[in-house]
>>> print(open('start-v3.cif').read())   # mmCIF, C-alpha atoms
data_query
#
loop_
_atom_site.label_atom_id
_atom_site.label_comp_id
_atom_site.auth_asym_id
_atom_site.auth_seq_id
_atom_site.Cartn_x
_atom_site.Cartn_y
_atom_site.Cartn_z
CA MET M 1354 -44.84 37.89 12.77
CA TYR M 1355 -42.12 39.87 14.53
CA PHE M 1356 -44.02 39.54 17.80
CA ASP M 1357 -44.50 35.82 17.36
CA LEU M 1358 -40.86 35.12 16.48
CA THR M 1359 -39.60 37.19 19.39
CA VAL M 1360 -41.80 35.36 21.89
CA ILE M 1361 -40.87 31.99 20.36
CA TRP M 1362 -37.16 32.76 20.72
CA ALA M 1363 -37.68 33.96 24.28
CA LEU M 1364 -39.40 30.65 25.06
CA ILE M 1365 -36.63 28.64 23.40
CA ILE M 1366 -33.98 30.36 25.51
CA VAL M 1367 -36.01 29.98 28.71
CA ILE M 1368 -36.54 26.28 27.99
CA ALA M 1369 -32.84 25.77 27.27
CA VAL M 1370 -31.87 27.50 30.53
CA PHE M 1371 -34.45 25.50 32.51
CA ILE M 1372 -33.23 22.20 31.06
CA TYR M 1373 -29.68 23.22 31.95
CA VAL M 1374 -30.71 24.05 35.51
CA VAL M 1375 -32.46 20.68 35.85
CA LEU M 1376 -29.71 18.55 34.32
CA ASP M 1377 -26.64 20.34 35.64
CA GLY M 1378 -28.43 21.15 38.89
CA PHE M 1379 -28.22 17.65 40.37
CA ASP M 1380 -24.75 17.26 38.83
CA LEU M 1381 -23.52 20.38 40.63
CA GLY M 1382 -25.50 19.34 43.70
CA ILE M 1383 -23.58 16.08 43.97
CA GLY M 1384 -20.36 18.06 43.66
CA ILE M 1385 -21.46 20.42 46.44
CA LEU M 1386 -22.15 17.45 48.75
CA PHE M 1387 -19.26 15.32 47.53
CA THR M 1388 -16.80 15.79 50.39
CA ARG M 1389 -19.50 14.81 52.90
CA PHE M 1390 -19.47 11.28 51.51
CA LYS M 1391 -17.05 8.66 52.82
CA VAL M 1392 -13.80 8.34 50.88
CA GLY M 1393 -13.80 5.23 48.73
CA PRO M 1394 -16.77 3.34 47.26
CA GLU M 1395 -19.36 5.92 48.37
CA ARG M 1396 -17.63 8.81 46.57
CA ASP M 1397 -17.02 6.58 43.55
CA THR M 1398 -20.71 5.63 43.47
CA ALA M 1399 -21.79 9.26 43.66
CA MET M 1400 -19.41 10.12 40.83
CA ASN M 1401 -20.52 7.16 38.74
CA SER M 1402 -24.17 8.24 39.04
CA ILE M 1403 -23.42 11.28 36.87
CA ALA M 1404 -20.37 10.09 34.91
CA PRO M 1405 -22.27 9.03 31.74
CA VAL M 1406 -24.25 12.27 31.40
CA TRP M 1407 -22.49 15.16 33.11
CA ASP M 1408 -20.46 16.41 30.16
CA GLY M 1409 -23.53 16.86 27.96
CA ASN M 1410 -25.29 19.21 30.35
CA GLU M 1411 -23.39 22.31 29.26
CA THR M 1412 -24.94 21.85 25.80
CA TRP M 1413 -28.01 23.61 27.15
CA LEU M 1414 -25.98 26.40 28.73
CA VAL M 1415 -24.29 27.01 25.37
CA MET M 1416 -27.65 26.95 23.63
CA GLY M 1417 -29.13 29.44 26.09
CA GLY M 1418 -26.15 31.80 25.86
CA GLY M 1419 -25.75 31.37 22.11
CA GLY M 1420 -29.46 31.86 21.55
CA LEU M 1421 -29.37 35.04 23.62
CA LEU M 1422 -26.49 36.38 21.52
CA ALA M 1423 -28.16 35.49 18.22
CA ALA M 1424 -31.77 36.43 18.99
CA PHE M 1425 -31.33 39.23 21.56
CA PRO M 1426 -27.86 40.74 20.95
CA LEU M 1427 -28.57 43.95 22.87
CA ALA M 1428 -29.52 41.99 25.99
CA TYR M 1429 -26.47 39.76 25.57
CA GLY M 1430 -24.13 42.74 25.46
CA LEU M 1431 -25.72 44.49 28.42
CA ILE M 1432 -25.92 41.39 30.61
CA PHE M 1433 -22.34 40.30 29.98
CA SER M 1434 -21.04 43.84 30.49
CA ALA M 1435 -22.85 44.15 33.82
CA LEU M 1436 -22.18 40.61 35.08
CA TYR M 1437 -18.79 39.88 33.59
CA ALA M 1438 -17.18 38.91 36.90
CA PRO M 1439 -19.72 36.30 38.15
CA ILE M 1440 -20.19 34.86 34.64
CA ILE M 1441 -16.44 34.38 34.16
CA ALA M 1442 -16.21 32.90 37.68
CA MET M 1443 -18.97 30.43 36.76
CA LEU M 1444 -17.29 29.39 33.50
CA LEU M 1445 -13.88 28.94 35.13
CA ALA M 1446 -15.47 26.92 37.93
CA LEU M 1447 -17.21 24.65 35.42
CA VAL M 1448 -13.90 24.09 33.61
CA PHE M 1449 -12.04 23.41 36.87
CA ARG M 1450 -14.62 20.91 38.13
CA GLY M 1451 -14.54 19.18 34.75
CA VAL M 1452 -10.77 18.77 35.03
CA ALA M 1453 -11.16 17.53 38.60
CA PHE M 1454 -13.81 15.04 37.50
CA GLU M 1455 -11.44 13.40 35.03
CA PHE M 1456 -8.20 13.68 37.02
CA ARG M 1457 -9.54 12.10 40.22
CA TRP M 1458 -9.70 8.79 38.31
CA ARG M 1459 -6.39 9.20 36.47
CA ASP M 1460 -4.31 10.65 39.30
CA PRO M 1461 -5.16 8.53 42.37
CA ALA M 1462 -2.10 9.79 44.24
CA HIS M 1463 -3.73 13.24 44.49
CA ARG M 1464 -7.38 12.14 44.60
CA GLY M 1465 -8.02 14.06 47.80
CA PHE M 1466 -7.03 17.31 46.10
CA TRP M 1467 -9.18 16.59 43.05
CA ASP M 1468 -12.14 15.75 45.27
CA LEU M 1469 -11.81 19.14 46.96
CA ALA M 1470 -11.46 20.78 43.56
CA PHE M 1471 -14.61 19.04 42.34
CA THR M 1472 -16.55 20.33 45.34
CA GLY M 1473 -15.04 23.81 45.14
CA GLY M 1474 -15.76 24.15 41.42
CA SER M 1475 -19.32 22.92 41.88
CA LEU M 1476 -19.94 25.29 44.78
CA LEU M 1477 -18.53 28.32 42.96
CA ALA M 1478 -20.42 27.54 39.74
CA ALA M 1479 -23.73 27.19 41.59
CA PHE M 1480 -23.16 30.29 43.69
CA SER M 1481 -22.17 32.36 40.64
CA GLN M 1482 -25.34 31.33 38.82
CA GLY M 1483 -27.41 32.46 41.77
CA VAL M 1484 -25.55 35.76 41.94
CA VAL M 1485 -26.22 36.35 38.23
CA LEU M 1486 -29.92 35.70 38.82
CA GLY M 1487 -30.07 38.08 41.77
CA ALA M 1488 -28.13 40.80 39.95
CA LEU M 1489 -30.53 40.58 36.99
CA LEU M 1490 -33.59 40.77 39.21
CA GLN M 1491 -32.34 43.86 41.02
CA GLY M 1492 -31.74 45.62 37.70
CA VAL M 1493 -28.90 46.82 35.50
CA ALA M 1494 -27.92 50.47 35.05
CA ILE M 1495 -28.31 51.41 31.37
CA SER M 1496 -27.73 54.66 29.51
CA GLN M 1497 -28.19 55.04 25.74
CA ARG M 1498 -28.31 51.27 25.17
CA ALA M 1499 -25.02 50.72 27.01
CA TYR M 1500 -24.12 49.52 30.50
CA ALA M 1501 -23.69 52.53 32.78
CA GLY M 1502 -22.92 50.85 36.09
CA GLY M 1503 -19.76 49.91 37.93
CA TRP M 1504 -17.70 46.74 38.18
CA TRP M 1505 -19.14 45.72 41.57
CA ASP M 1506 -22.81 46.70 41.06
CA TRP M 1507 -23.78 43.01 40.93
CA LEU M 1508 -22.49 42.41 44.46
CA THR M 1509 -25.34 43.16 46.89
CA PRO M 1510 -26.94 41.41 49.86
CA PHE M 1511 -29.79 40.34 47.56
CA SER M 1512 -27.48 38.72 44.99
CA LEU M 1513 -25.60 36.95 47.79
CA LEU M 1514 -28.94 35.66 49.08
CA THR M 1515 -29.94 34.31 45.67
CA GLY M 1516 -26.47 32.79 45.30
CA ALA M 1517 -26.86 30.91 48.58
CA GLY M 1518 -30.39 29.89 47.57
CA VAL M 1519 -29.22 28.31 44.33
CA VAL M 1520 -26.47 26.41 46.19
CA VAL M 1521 -28.89 24.76 48.61
CA ALA M 1522 -31.42 24.11 45.82
CA TYR M 1523 -28.82 22.33 43.69
CA ALA M 1524 -27.65 20.40 46.75
CA LEU M 1525 -31.24 19.18 47.28
CA LEU M 1526 -31.42 18.06 43.65
CA GLY M 1527 -28.15 16.17 44.12
CA ALA M 1528 -29.35 14.50 47.31
CA THR M 1529 -32.66 13.38 45.80
CA TRP M 1530 -30.81 12.12 42.70
CA LEU M 1531 -28.70 9.87 44.94
CA VAL M 1532 -31.83 8.70 46.74
CA LEU M 1533 -32.99 7.53 43.32
CA LYS M 1534 -29.71 6.11 42.02
CA ALA M 1535 -27.81 4.79 45.06
CA GLU M 1536 -28.35 1.98 47.53
CA GLY M 1537 -27.35 1.14 51.08
CA HIS M 1538 -25.61 3.63 53.35
CA LEU M 1539 -25.06 6.22 50.61
CA GLN M 1540 -28.78 6.29 49.84
CA GLN M 1541 -29.61 6.60 53.56
CA GLN M 1542 -27.13 9.47 53.92
CA ALA M 1543 -28.57 11.21 50.86
CA ARG M 1544 -32.09 10.79 52.24
CA ALA M 1545 -31.03 12.32 55.57
CA MET M 1546 -29.46 15.25 53.70
CA ALA M 1547 -32.61 15.71 51.61
CA TRP M 1548 -34.66 16.31 54.76
CA TRP M 1549 -32.69 19.32 56.01
CA LEU M 1550 -31.90 20.56 52.51
CA GLY M 1551 -35.62 20.52 51.69
CA ALA M 1552 -36.29 22.76 54.69
CA ALA M 1553 -33.41 25.05 53.66
CA VAL M 1554 -34.75 25.33 50.11
CA LEU M 1555 -38.22 26.30 51.33
CA ALA M 1556 -36.68 28.94 53.60
CA ALA M 1557 -34.60 30.24 50.68
CA ILE M 1558 -37.66 30.41 48.40
CA ALA M 1559 -39.57 32.34 51.04
CA LEU M 1560 -36.73 34.78 51.73
CA VAL M 1561 -35.89 35.40 48.06
CA SER M 1562 -39.57 35.80 47.15
CA LEU M 1563 -40.17 38.25 49.97
CA ALA M 1564 -37.05 40.24 49.12
CA THR M 1565 -37.91 40.28 45.41
CA VAL M 1566 -41.35 41.86 45.79
CA PHE M 1567 -39.76 44.77 47.64
CA LEU M 1568 -37.00 45.33 45.08
CA SER M 1569 -39.24 47.49 42.91
CA ALA M 1570 -42.80 48.74 42.67
CA ALA M 1571 -43.28 46.69 39.49
CA TYR M 1572 -42.58 43.42 41.32
CA PHE M 1573 -44.82 44.46 44.20
CA ASP M 1574 -47.70 45.26 41.85
CA LYS M 1575 -47.39 41.97 39.97
CA TRP M 1576 -47.48 39.85 43.11
CA LEU M 1577 -49.37 41.73 45.80
CA SER M 1578 -51.70 44.25 44.17
CA PHE M 1579 -55.34 43.43 43.47
CA PRO M 1580 -56.49 41.80 41.19
CA ASN M 1581 -53.01 40.56 40.13
CA ILE M 1582 -52.68 38.59 43.34
CA LEU M 1583 -55.58 36.39 42.27
CA TRP M 1584 -53.76 35.39 39.07
CA VAL M 1585 -50.38 34.68 40.65
CA ALA M 1586 -51.62 33.05 43.88
CA PRO M 1587 -51.59 29.51 42.36
CA VAL M 1588 -47.79 29.60 42.15
CA PRO M 1589 -47.05 29.83 45.91
CA LEU M 1590 -50.01 27.54 46.62
CA LEU M 1591 -48.58 24.88 44.30
CA VAL M 1592 -45.17 25.27 45.93
CA GLY M 1593 -46.82 24.57 49.27
CA LEU M 1594 -48.67 21.51 47.93
CA ALA M 1595 -45.53 20.19 46.24
CA SER M 1596 -43.59 20.64 49.49
CA PHE M 1597 -46.27 18.72 51.40
CA ALA M 1598 -46.13 15.94 48.81
CA PHE M 1599 -42.32 15.93 49.10
CA VAL M 1600 -42.53 15.37 52.85
CA ARG M 1601 -45.05 12.56 52.40
CA SER M 1602 -42.94 10.85 49.75
CA MET M 1603 -39.86 11.05 51.94
CA ARG M 1604 -41.70 9.58 54.90
CA ALA M 1605 -43.04 6.77 52.71
CA GLY M 1606 -39.51 5.92 51.58
CA HIS M 1607 -40.13 6.61 47.91
CA GLU M 1608 -37.11 6.90 45.63
CA LEU M 1609 -38.33 8.62 42.45
CA ALA M 1610 -41.03 10.94 43.85
CA PRO M 1611 -38.70 13.21 45.93
CA PHE M 1612 -36.57 13.93 42.86
CA LEU M 1613 -39.56 14.62 40.61
CA LEU M 1614 -41.21 16.84 43.20
CA THR M 1615 -37.99 18.81 43.63
CA LEU M 1616 -37.94 19.32 39.85
CA PHE M 1617 -41.56 20.49 40.01
CA ILE M 1618 -40.67 23.04 42.69
CA PHE M 1619 -37.83 24.25 40.45
CA PHE M 1620 -40.34 24.60 37.60
CA LEU M 1621 -42.68 26.64 39.78
CA CYS M 1622 -39.79 28.93 40.76
CA PHE M 1623 -39.07 29.42 37.07
CA VAL M 1624 -42.72 30.29 36.48
CA GLY M 1625 -42.54 32.81 39.30
CA LEU M 1626 -39.38 34.29 37.83
CA GLY M 1627 -41.12 34.61 34.46
CA ILE M 1628 -44.08 36.36 36.05
CA SER M 1629 -41.75 38.84 37.74
CA ILE M 1630 -39.67 39.68 34.67
CA PHE M 1631 -41.90 39.35 31.59
CA PRO M 1632 -41.93 41.15 29.18
CA TYR M 1633 -38.48 42.43 30.12
CA VAL M 1634 -35.23 40.63 29.41
CA ILE M 1635 -33.48 43.20 31.62
CA PRO M 1636 -36.05 44.13 34.29
CA GLY M 1637 -37.40 47.65 34.02
CA ALA M 1638 -35.10 48.63 31.15
CA VAL M 1639 -35.16 46.43 28.02
CA THR M 1640 -38.09 44.35 26.79
CA ILE M 1641 -37.66 41.27 24.63
CA TRP M 1642 -38.85 43.30 21.63
CA ASP M 1643 -36.37 46.10 22.32
CA ALA M 1644 -33.52 43.57 22.46
CA ALA M 1645 -34.59 41.37 19.54
CA THR M 1646 -32.62 41.06 16.33
CA ASP M 1647 -34.10 41.47 12.84
CA PRO M 1648 -37.07 39.14 12.06
CA SER M 1649 -35.27 37.69 9.02
CA SER M 1650 -32.40 36.59 11.28
CA GLN M 1651 -34.85 35.07 13.73
CA ARG M 1652 -36.54 33.10 10.95
CA PHE M 1653 -33.21 31.85 9.61
CA MET M 1654 -32.06 30.67 13.05
CA LEU M 1655 -35.41 29.09 13.80
CA VAL M 1656 -35.08 26.75 10.82
CA GLY M 1657 -31.82 25.36 12.19
CA THR M 1658 -33.20 25.17 15.71
CA VAL M 1659 -36.22 23.16 14.58
CA VAL M 1660 -33.80 20.60 13.12
CA VAL M 1661 -31.15 20.56 15.85
CA LEU M 1662 -33.26 20.87 19.00
CA PRO M 1663 -35.12 17.54 18.60
CA MET M 1664 -31.76 15.84 17.97
CA ILE M 1665 -30.33 17.24 21.21
CA LEU M 1666 -33.44 16.25 23.13
CA GLY M 1667 -33.32 12.80 21.56
CA TYR M 1668 -29.74 11.92 22.43
CA THR M 1669 -30.13 13.42 25.90
CA ALA M 1670 -33.21 11.29 26.60
CA TRP M 1671 -31.50 8.23 25.12
CA SER M 1672 -28.42 8.64 27.33
CA TYR M 1673 -30.56 8.81 30.46
CA TRP M 1674 -32.55 5.78 29.32
CA VAL M 1675 -29.44 3.72 28.66
CA PHE M 1676 -27.98 4.56 32.07
CA ARG M 1677 -31.19 4.11 34.03
CA GLY M 1678 -31.30 2.02 37.18
CA LYS M 1679 -29.09 1.79 40.23
CA VAL M 1680 -25.39 2.55 40.27
CA SER M 1681 -22.49 1.22 42.35
CA ALA M 1682 -18.80 2.03 42.73
CA ASP M 1683 -18.14 -0.23 39.73
CA GLY M 1684 -20.77 1.33 37.45
CA TYR M 1685 -24.40 0.74 36.52
CA HIS M 1686 -26.34 -2.45 37.06
CA ALA M 1687 -29.93 -3.52 36.52
#
>>> encode(input="start-v3.cif", output="structure tokens")
Amino acid sequence: MYFDLTVIWALIIVIAVFIYVVLDGFDLGIGILFTRFKVGPERDTAMNSIAPVWDGNETWLVMGGGGLLAAFPLAYGLIFSALYAPIIAMLLALVFRGVAFEFRWRDPAHRGFWDLAFTGGSLLAAFSQGVVLGALLQGVAISQRAYAGGWWDWLTPFSLLTGAGVVVAYALLGATWLVLKAEGHLQQQARAMAWWLGAAVLAAIALVSLATVFLSAAYFDKWLSFPNILWVAPVPLLVGLASFAFVRSMRAGHELAPFLLTLFIFFLCFVGLGISIFPYVIPGAVTIWDAATDPSSQRFMLVGTVVVLPMILGYTAWSYWVFRGKVSADGYHA
């Protein structure tokens, strides 16, 4: 039972983080690209495309972080001790971009400043998330169940690479979202951006994947040793097929397919990340069972999660359904 509950909670947290990456990914992506859009109706349209849903995305970030604290307190303490700086930078950036989002409408005299703040906050939040990912993958120094590293251990060429990779990936999500939601010149501009961002994302996936397998012998064995390579080979093959389908959908002028295919590539990257890390929550140091709380606590929390999680999924799906369709500078229309 302990094993089952631990795995279930690990899956819940992974799902919450993935949903956050998907939902806040295109939101942050639009912020990253925002200053490249023409001042006026085009920026207003881009903002309106996420206005009804953006402030609910952090629900999943809170659920992922809160679930980690409740179900895996040891991992929570170690991760936050090791990655305090980029995590705080991410949270402050999310707050700042949220303020900029609201104030650009209510303070038109300084709209240019708030537009820059919206882009800057989005860029820093995305980059910080990528740095956190890279720092986790490269490992955390632990001694006697406590963090034993330094303040700047997270800052390495690899973490900077993953930070840049997440920025371009989110930007691609934002561009394909606008291909789906916008019309006219803004849609054409977003489609043009999606072409070169798609190429940048594939390059980032290749570079990060190649760098990851040489971070440790454990990663190398999981991905390149025989017979493991036979089991994991479908992941890069599916990334290649999805990329080919993305190019075809873009050439055909499709609106929904590029966004869905980008989400599928994100999902495959998450699968690859899971293959690399599992069963560790802190690679090479702490497994999910080592970090797990008492089974009775896991059971108690699971009861509440079974009730609350469908409600969150329900209102999230409903909000996207209500605000489906194309958007303009004045809001949504059929």
>>> closest_atom_pairs(input="start-v3.cif", of="range 1502-1538 of chain M", to="range 1424-1439 of chain M", cutoff="8 Å", atoms="all atoms listed in the file", output="CSV")
residue,atom,partner,partner_atom,distance
M:Gly1502,CA,M:Ala1435,CA,7.1
M:Gly1503,CA,M:Ala1435,CA,7.7
M:Trp1504,CA,M:Ala1435,CA,7.2
M:Asp1506,CA,M:Ala1435,CA,7.7
M:Trp1507,CA,M:Leu1436,CA,6.5
>>> write_last_selection(input="start-v3.cif", atoms="C-alpha atoms", output="PDB file, in the frame of the given file")
ATOM      1  CA  GLY M1502     -22.920  50.850  36.090  1.00  0.00           C
ATOM      2  CA  GLY M1503     -19.760  49.910  37.930  1.00  0.00           C
ATOM      3  CA  TRP M1504     -17.700  46.740  38.180  1.00  0.00           C
ATOM      4  CA  ASP M1506     -22.810  46.700  41.060  1.00  0.00           C
ATOM      5  CA  TRP M1507     -23.780  43.010  40.930  1.00  0.00           C
TER       6      TRP M1507
END
>>> residues_around(input="start-v3.cif", residues="range 1538-1554 of chain M", least_positions_apart="4", cutoff="6 Å", atoms="all atoms listed in the file", output="PyMOL selection string")
chain M and resi 1522+1525+1528+1532
>>> atom_distance(input="start-v3.cif", atom1="CA of Arg1498 in chain M", atom2="CA of Pro1632 in chain M")
17.4 Å
>>> closest_residue(input="start-v3.cif", among="M:Ser1629, M:Ile1372, M:Leu1445, M:Trp1467", to="Thr1412 in chain M", atoms="all atoms listed in the file")
M:Ile1372
>>> resolve_selection(input="start-v3.cif", expression="the PyMOL selection byres ((chain M and resi 1637) around 10)", output="ChimeraX atom specification")
/M:1490-1494,1569,1571-1572,1630-1636,1638-1640
>>> closest_residue(input="start-v3.cif", among="M:Ala1499, M:Val1415, M:Ala1488, M:Ile1383", to="Asp1468 in chain M", atoms="only C-alpha atoms")
M:Ile1383
>>> resolve_selection(input="start-v3.cif", expression="the PyMOL selection byres ((chain M and resi 1457) around 12)", output="PyMOL selection string")
chain M and resi 1393+1396-1397+1400+1450-1456+1458-1472
>>> write_last_selection(input="start-v3.cif", atoms="C-alpha atoms", output="mmCIF file, in the coordinates of the input")
data_model
loop_
_atom_site.group_PDB
_atom_site.id
_atom_site.type_symbol
_atom_site.label_atom_id
_atom_site.label_comp_id
_atom_site.auth_asym_id
_atom_site.auth_seq_id
_atom_site.Cartn_x
_atom_site.Cartn_y
_atom_site.Cartn_z
ATOM 1 C CA GLY M 1393 -13.800 5.230 48.730
ATOM 2 C CA ARG M 1396 -17.630 8.810 46.570
ATOM 3 C CA ASP M 1397 -17.020 6.580 43.550
ATOM 4 C CA MET M 1400 -19.410 10.120 40.830
ATOM 5 C CA ARG M 1450 -14.620 20.910 38.130
ATOM 6 C CA GLY M 1451 -14.540 19.180 34.750
ATOM 7 C CA VAL M 1452 -10.770 18.770 35.030
ATOM 8 C CA ALA M 1453 -11.160 17.530 38.600
ATOM 9 C CA PHE M 1454 -13.810 15.040 37.500
ATOM 10 C CA GLU M 1455 -11.440 13.400 35.030
ATOM 11 C CA PHE M 1456 -8.200 13.680 37.020
ATOM 12 C CA TRP M 1458 -9.700 8.790 38.310
ATOM 13 C CA ARG M 1459 -6.390 9.200 36.470
ATOM 14 C CA ASP M 1460 -4.310 10.650 39.300
ATOM 15 C CA PRO M 1461 -5.160 8.530 42.370
ATOM 16 C CA ALA M 1462 -2.100 9.790 44.240
ATOM 17 C CA HIS M 1463 -3.730 13.240 44.490
ATOM 18 C CA ARG M 1464 -7.380 12.140 44.600
ATOM 19 C CA GLY M 1465 -8.020 14.060 47.800
ATOM 20 C CA PHE M 1466 -7.030 17.310 46.100
ATOM 21 C CA TRP M 1467 -9.180 16.590 43.050
ATOM 22 C CA ASP M 1468 -12.140 15.750 45.270
ATOM 23 C CA LEU M 1469 -11.810 19.140 46.960
ATOM 24 C CA ALA M 1470 -11.460 20.780 43.560
ATOM 25 C CA PHE M 1471 -14.610 19.040 42.340
ATOM 26 C CA THR M 1472 -16.550 20.330 45.340
#
>>> residues_around(input="start-v3.cif", residues="Gly1516 in chain M", least_positions_apart="5", cutoff="6 Å", atoms="all atoms listed in the file", output="PDB file with C-alpha atoms, in the coordinates of the input")
ATOM      1  CA  PHE M1480     -23.160  30.290  43.690  1.00  0.00           C
ATOM      2  CA  GLY M1483     -27.410  32.460  41.770  1.00  0.00           C
ATOM      3  CA  VAL M1484     -25.550  35.760  41.940  1.00  0.00           C
TER       4      VAL M1484
END
>>> residues_around(input="start-v3.cif", residues="Glu1608 in chain M", least_positions_apart="3", cutoff="10 Å", atoms="only C-alpha atoms", output="PyMOL selection string")
chain M and resi 1529-1535+1540+1544+1602-1603+1605+1611-1613
>>> decode(input="start-v3.cif", residues="range 1648-1655 of chain M", atoms="all heavy atoms", output="PDB file, in the first residue's frame")
ATOM      1  N   PRO M1648       2.390   6.858   5.289  1.00  0.00           N
ATOM      2  CA  PRO M1648       1.252   6.399   4.470  1.00  0.00           C
ATOM      3  C   PRO M1648      -0.094   6.923   4.952  1.00  0.00           C
ATOM      4  O   PRO M1648      -0.977   7.195   4.149  1.00  0.00           O
ATOM      5  CB  PRO M1648       1.328   4.877   4.591  1.00  0.00           C
ATOM      6  CG  PRO M1648       2.749   4.581   4.891  1.00  0.00           C
ATOM      7  CD  PRO M1648       3.245   5.726   5.704  1.00  0.00           C
ATOM      8  N   SER M1649      -0.276   7.071   6.266  1.00  0.00           N
ATOM      9  CA  SER M1649      -1.549   7.573   6.773  1.00  0.00           C
ATOM     10  C   SER M1649      -1.791   9.010   6.304  1.00  0.00           C
ATOM     11  O   SER M1649      -2.929   9.392   5.981  1.00  0.00           O
ATOM     12  CB  SER M1649      -1.577   7.503   8.304  1.00  0.00           C
ATOM     13  OG  SER M1649      -0.540   8.296   8.874  1.00  0.00           O
ATOM     14  N   SER M1650      -0.732   9.808   6.247  1.00  0.00           N
ATOM     15  CA  SER M1650      -0.853  11.180   5.742  1.00  0.00           C
ATOM     16  C   SER M1650      -1.180  11.179   4.257  1.00  0.00           C
ATOM     17  O   SER M1650      -1.987  11.988   3.785  1.00  0.00           O
ATOM     18  CB  SER M1650       0.446  11.950   5.996  1.00  0.00           C
ATOM     19  OG  SER M1650       0.731  12.049   7.372  1.00  0.00           O
ATOM     20  N   GLN M1651      -0.547  10.272   3.514  1.00  0.00           N
ATOM     21  CA  GLN M1651      -0.828  10.180   2.091  1.00  0.00           C
ATOM     22  C   GLN M1651      -2.275   9.796   1.837  1.00  0.00           C
ATOM     23  O   GLN M1651      -2.930  10.345   0.934  1.00  0.00           O
ATOM     24  CB  GLN M1651       0.113   9.168   1.436  1.00  0.00           C
ATOM     25  CG  GLN M1651       1.561   9.617   1.388  1.00  0.00           C
ATOM     26  CD  GLN M1651       2.446   8.620   0.673  1.00  0.00           C
ATOM     27  OE1 GLN M1651       2.140   7.420   0.624  1.00  0.00           O
ATOM     28  NE2 GLN M1651       3.541   9.087   0.130  1.00  0.00           N
ATOM     29  N   ARG M1652      -2.801   8.867   2.620  1.00  0.00           N
ATOM     30  CA  ARG M1652      -4.198   8.451   2.465  1.00  0.00           C
ATOM     31  C   ARG M1652      -5.145   9.606   2.781  1.00  0.00           C
ATOM     32  O   ARG M1652      -6.114   9.839   2.065  1.00  0.00           O
ATOM     33  CB  ARG M1652      -4.499   7.254   3.366  1.00  0.00           C
ATOM     34  CG  ARG M1652      -3.996   5.928   2.851  1.00  0.00           C
ATOM     35  CD  ARG M1652      -4.608   4.771   3.625  1.00  0.00           C
ATOM     36  NE  ARG M1652      -4.148   4.772   5.018  1.00  0.00           N
ATOM     37  CZ  ARG M1652      -3.072   4.130   5.447  1.00  0.00           C
ATOM     38  NH1 ARG M1652      -2.324   3.445   4.586  1.00  0.00           N
ATOM     39  NH2 ARG M1652      -2.728   4.166   6.725  1.00  0.00           N
ATOM     40  N   PHE M1653      -4.859  10.328   3.853  1.00  0.00           N
ATOM     41  CA  PHE M1653      -5.708  11.451   4.251  1.00  0.00           C
ATOM     42  C   PHE M1653      -5.748  12.512   3.155  1.00  0.00           C
ATOM     43  O   PHE M1653      -6.823  13.019   2.795  1.00  0.00           O
ATOM     44  CB  PHE M1653      -5.182  12.050   5.556  1.00  0.00           C
ATOM     45  CG  PHE M1653      -5.918  13.275   6.004  1.00  0.00           C
ATOM     46  CD1 PHE M1653      -7.156  13.162   6.605  1.00  0.00           C
ATOM     47  CD2 PHE M1653      -5.372  14.542   5.813  1.00  0.00           C
ATOM     48  CE1 PHE M1653      -7.844  14.301   7.031  1.00  0.00           C
ATOM     49  CE2 PHE M1653      -6.043  15.672   6.224  1.00  0.00           C
ATOM     50  CZ  PHE M1653      -7.286  15.551   6.829  1.00  0.00           C
ATOM     51  N   MET M1654      -4.575  12.857   2.605  1.00  0.00           N
ATOM     52  CA  MET M1654      -4.518  13.884   1.558  1.00  0.00           C
ATOM     53  C   MET M1654      -5.164  13.413   0.269  1.00  0.00           C
ATOM     54  O   MET M1654      -5.763  14.198  -0.470  1.00  0.00           O
ATOM     55  CB  MET M1654      -3.066  14.284   1.300  1.00  0.00           C
ATOM     56  CG  MET M1654      -2.395  14.983   2.467  1.00  0.00           C
ATOM     57  SD  MET M1654      -0.717  15.489   2.069  1.00  0.00           S
ATOM     58  CE  MET M1654       0.088  13.911   1.751  1.00  0.00           C
ATOM     59  N   LEU M1655      -5.075  12.112   0.011  1.00  0.00           N
ATOM     60  CA  LEU M1655      -5.632  11.581  -1.228  1.00  0.00           C
ATOM     61  C   LEU M1655      -7.142  11.717  -1.264  1.00  0.00           C
ATOM     62  O   LEU M1655      -7.721  11.964  -2.329  1.00  0.00           O
ATOM     63  CB  LEU M1655      -5.216  10.115  -1.396  1.00  0.00           C
ATOM     64  CG  LEU M1655      -5.508   9.482  -2.751  1.00  0.00           C
ATOM     65  CD1 LEU M1655      -4.775  10.227  -3.859  1.00  0.00           C
ATOM     66  CD2 LEU M1655      -5.087   8.008  -2.742  1.00  0.00           C
TER      67      LEU M1655
END
